[in-house]
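Contents: one structure, followed by commentary.
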Amino acid sequence: MFLPVMVIMPQKFAICFTIGCTFIIGSFFPLKGPKNQLAHMSSKERLPFTAVFIGSMVGTVYVSMFLHSYVLSVLFSVLQVLALSYYVVSYFPGGSAGLKFISSTLTSSVFRCFGR
């Protein structure tokens, strides 16, 4: 059911996926407490992850509900998936360091293949 909804009606998928991401963020609040979670999300180390993730969610809703753009809805949904995965991985111990290592390795491999 995922792929047909994404291809036929990406705006519907984008809204549903954004609601799901909101629930994912909201699920951390009862575990840590609202004040602690907000402080943690806005700490110096976490602020870039939080800003990109919440920015992609706001962008997805705006593009889907107000602009009604097929292409931009797909683009922002992909951006939101990437931001969600980076946000979740950054919660694991060593997750952000491992993600940076993997991304730098992939980047160097691509540059080696295509030349720079």
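A note on labels: chains of the structure tokens are A, B, ... as shown, every chain counts residues from 1, and ligands are counted from 1 in their shown order.
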
Practice prompt. Would you mind listing what lies within 12 Å of Arg46 (chain A) as a ChimeraX atom specification, with only C-alpha atoms counted and same-chain residues fewer than 3 positions away left out?
Written response: /A:37-43,49-53,86-91,96

Discussion item. Just want the 7 Å neighbourhood of Ser56 (chain A), counted on only C-alpha atoms, with same-chain residues fewer than 3 positions away dropped. Output as a PyMOL selection string.
Written reply: chain A and resi 52-53+59-60+76+79-80

I need the residues from that last selection saved to file as a JSON list (two decimals), in the first residue's frame (with N, CA and C atoms), if you can.
[["chain", "number", "residue", "atom", "x", "y", "z"],
["A", 52, "VAL", "N", 16.87, 20.49, 11.36],
["A", 52, "VAL", "CA", 16.67, 19.91, 10.03],
["A", 52, "VAL", "C", 15.42, 19.03, 10.02],
["A", 53, "PHE", "N", 15.26, 18.24, 11.06],
["A", 53, "PHE", "CA", 14.11, 17.34, 11.11],
["A", 53, "PHE", "C", 12.80, 18.10, 11.20],
["A", 59, "GLY", "N", 8.25, 21.96, 6.15],
["A", 59, "GLY", "CA", 8.30, 22.11, 4.69],
["A", 59, "GLY", "C", 7.40, 21.12, 3.98],
["A", 60, "THR", "N", 7.35, 19.89, 4.48],
["A", 60, "THR", "CA", 6.49, 18.87, 3.87],
["A", 60, "THR", "C", 5.02, 19.26, 3.99],
["A", 76, "PHE", "N", 10.32, 16.72, -0.54],
["A", 76, "PHE", "CA", 10.32, 16.97, 0.89],
["A", 76, "PHE", "C", 10.07, 15.69, 1.69],
["A", 79, "LEU", "N", 13.45, 14.07, 1.82],
["A", 79, "LEU", "CA", 14.25, 14.83, 2.77],
["A", 79, "LEU", "C", 13.85, 14.50, 4.21],
["A", 80, "GLN", "N", 12.57, 14.35, 4.43],
["A", 80, "GLN", "CA", 12.08, 14.02, 5.77],
["A", 80, "GLN", "C", 12.51, 12.62, 6.19]]

Worksheet entry | Computed interatomic separation between CA of Ile24 (chain A) and CA of Lys100 (chain A) (Å) | 23.0 Å

Practice prompt. Name all residues at most 12 Å from Ser69 (chain A) (count only C-alpha atoms; drop same-chain ones fewer than 3 positions away) and give them as a PyMOL selection string.
Written response: chain A and resi 9-12+14+59-66+72-77

Selection above as a file: all heavy atoms, as a short mmCIF file (atom, residue, chain, number, x, y, z; two decimals), in the first residue's frame:
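The resulting file, selection_37.cif, is shown below:
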data_model
loop_
_atom_site.label_atom_id
_atom_site.label_comp_id
_atom_site.auth_asym_id
_atom_site.auth_seq_id
_atom_site.Cartn_x
_atom_site.Cartn_y
_atom_site.Cartn_z
N MET A 9 -0.75 9.60 -4.91
CA MET A 9 -1.13 10.77 -4.09
C MET A 9 -0.01 11.08 -3.10
O MET A 9 -0.12 10.77 -1.91
CB MET A 9 -2.42 10.48 -3.33
CG MET A 9 -3.63 10.21 -4.17
SD MET A 9 -4.39 11.66 -4.83
CE MET A 9 -4.91 12.51 -3.38
N PRO A 10 1.09 11.69 -3.54
CA PRO A 10 2.19 11.94 -2.61
C PRO A 10 1.83 12.93 -1.50
O PRO A 10 2.40 12.89 -0.42
CB PRO A 10 3.31 12.48 -3.49
CG PRO A 10 2.62 13.02 -4.68
CD PRO A 10 1.40 12.17 -4.88
N GLN A 11 0.85 13.81 -1.76
CA GLN A 11 0.45 14.75 -0.72
C GLN A 11 -0.17 14.02 0.47
O GLN A 11 0.11 14.35 1.62
CB GLN A 11 -0.55 15.78 -1.27
CG GLN A 11 0.06 16.75 -2.25
CD GLN A 11 -0.04 16.29 -3.69
OE1 GLN A 11 -0.48 15.18 -3.97
NE2 GLN A 11 0.39 17.13 -4.61
N LYS A 12 -1.00 13.01 0.19
CA LYS A 12 -1.60 12.23 1.28
C LYS A 12 -0.53 11.49 2.06
O LYS A 12 -0.55 11.45 3.29
CB LYS A 12 -2.61 11.23 0.73
CG LYS A 12 -4.01 11.66 0.80
CD LYS A 12 -4.92 10.52 0.40
CE LYS A 12 -6.29 11.10 0.24
NZ LYS A 12 -7.26 10.14 -0.20
N ALA A 14 2.60 12.30 2.34
CA ALA A 14 3.43 13.26 3.06
C ALA A 14 2.77 13.70 4.36
O ALA A 14 3.43 13.79 5.40
CB ALA A 14 3.72 14.47 2.18
N GLY A 59 8.25 21.96 6.15
CA GLY A 59 8.30 22.11 4.69
C GLY A 59 7.40 21.12 3.98
O GLY A 59 6.72 21.45 3.01
N THR A 60 7.35 19.89 4.48
CA THR A 60 6.49 18.87 3.87
C THR A 60 5.02 19.26 3.99
O THR A 60 4.27 19.14 3.02
CB THR A 60 6.73 17.51 4.54
OG1 THR A 60 8.11 17.16 4.40
CG2 THR A 60 5.88 16.43 3.91
N VAL A 61 4.63 19.71 5.16
CA VAL A 61 3.22 20.12 5.35
C VAL A 61 2.89 21.32 4.47
O VAL A 61 1.84 21.36 3.83
CB VAL A 61 2.94 20.42 6.84
CG1 VAL A 61 1.59 21.07 7.02
CG2 VAL A 61 3.02 19.14 7.65
N TYR A 62 3.78 22.30 4.42
CA TYR A 62 3.53 23.50 3.62
C TYR A 62 3.38 23.15 2.13
O TYR A 62 2.45 23.60 1.46
CB TYR A 62 4.65 24.51 3.82
CG TYR A 62 4.49 25.75 2.98
CD1 TYR A 62 3.54 26.71 3.31
CD2 TYR A 62 5.27 25.96 1.86
CE1 TYR A 62 3.37 27.84 2.53
CE2 TYR A 62 5.12 27.07 1.07
CZ TYR A 62 4.17 28.01 1.42
OH TYR A 62 4.00 29.13 0.63
N VAL A 63 4.32 22.37 1.64
CA VAL A 63 4.30 22.01 0.21
C VAL A 63 3.07 21.17 -0.13
O VAL A 63 2.45 21.35 -1.17
CB VAL A 63 5.61 21.27 -0.16
CG1 VAL A 63 5.50 20.56 -1.48
CG2 VAL A 63 6.76 22.23 -0.17
N SER A 64 2.70 20.26 0.76
CA SER A 64 1.57 19.36 0.49
C SER A 64 0.22 20.05 0.62
O SER A 64 -0.66 19.84 -0.19
CB SER A 64 1.62 18.17 1.44
OG SER A 64 2.78 17.43 1.21
N MET A 65 0.07 20.88 1.65
CA MET A 65 -1.26 21.45 1.92
C MET A 65 -1.51 22.77 1.20
O MET A 65 -2.65 23.07 0.86
CB MET A 65 -1.46 21.64 3.42
CG MET A 65 -1.51 20.31 4.16
SD MET A 65 -1.96 20.49 5.86
CE MET A 65 -3.72 20.78 5.70
N PHE A 66 -0.46 23.56 0.99
CA PHE A 66 -0.68 24.89 0.43
C PHE A 66 -0.25 25.01 -1.03
O PHE A 66 -0.91 25.66 -1.83
CB PHE A 66 0.01 25.95 1.29
CG PHE A 66 -0.51 25.99 2.70
CD1 PHE A 66 0.27 25.56 3.75
CD2 PHE A 66 -1.79 26.43 2.97
CE1 PHE A 66 -0.20 25.56 5.04
CE2 PHE A 66 -2.28 26.44 4.25
CZ PHE A 66 -1.49 26.02 5.30
N LEU A 72 7.46 18.60 -5.41
CA LEU A 72 7.98 19.09 -4.14
C LEU A 72 7.53 18.23 -2.97
O LEU A 72 8.27 18.08 -2.00
CB LEU A 72 7.58 20.55 -3.92
CG LEU A 72 8.29 21.57 -4.80
CD1 LEU A 72 7.74 22.97 -4.55
CD2 LEU A 72 9.78 21.54 -4.56
N SER A 73 6.35 17.66 -3.05
CA SER A 73 5.90 16.75 -1.99
C SER A 73 6.79 15.51 -1.91
O SER A 73 7.17 15.07 -0.83
CB SER A 73 4.45 16.31 -2.22
OG SER A 73 3.57 17.38 -2.07
N VAL A 74 7.14 14.97 -3.06
CA VAL A 74 8.03 13.81 -3.09
C VAL A 74 9.41 14.21 -2.58
O VAL A 74 10.02 13.50 -1.77
CB VAL A 74 8.11 13.22 -4.51
CG1 VAL A 74 9.20 12.15 -4.60
CG2 VAL A 74 6.77 12.65 -4.93
N LEU A 75 9.91 15.35 -3.03
CA LEU A 75 11.23 15.81 -2.61
C LEU A 75 11.31 16.03 -1.10
O LEU A 75 12.24 15.57 -0.44
CB LEU A 75 11.59 17.10 -3.36
CG LEU A 75 12.95 17.69 -3.04
CD1 LEU A 75 14.05 16.81 -3.62
CD2 LEU A 75 13.05 19.09 -3.58
N PHE A 76 10.32 16.72 -0.54
CA PHE A 76 10.32 16.97 0.89
C PHE A 76 10.07 15.69 1.69
O PHE A 76 10.57 15.55 2.81
CB PHE A 76 9.30 18.05 1.27
CG PHE A 76 9.88 19.43 1.23
CD1 PHE A 76 9.82 20.18 0.08
CD2 PHE A 76 10.49 19.98 2.34
CE1 PHE A 76 10.35 21.45 0.02
CE2 PHE A 76 11.02 21.25 2.31
CZ PHE A 76 10.96 21.99 1.14
N SER A 77 9.33 14.75 1.14
CA SER A 77 9.14 13.46 1.83
C SER A 77 10.45 12.70 1.90
O SER A 77 10.78 12.11 2.94
CB SER A 77 8.09 12.62 1.12
OG SER A 77 6.83 13.22 1.23
#

Worksheet item: chain A: which residues are alpha helix (DSSP H) by DSSP, as number ranges by chain?
Response: A: 2-8, 10-32, 34-41, 47-62, 70-89, 95-114

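Comparing the minimum interatomic distances between Leu82 (chain A) and each of A:Ala97, A:Leu67, A:Ile8, A:Met57, counting only C-alpha atoms, we find that A:Met57 sits nearest.
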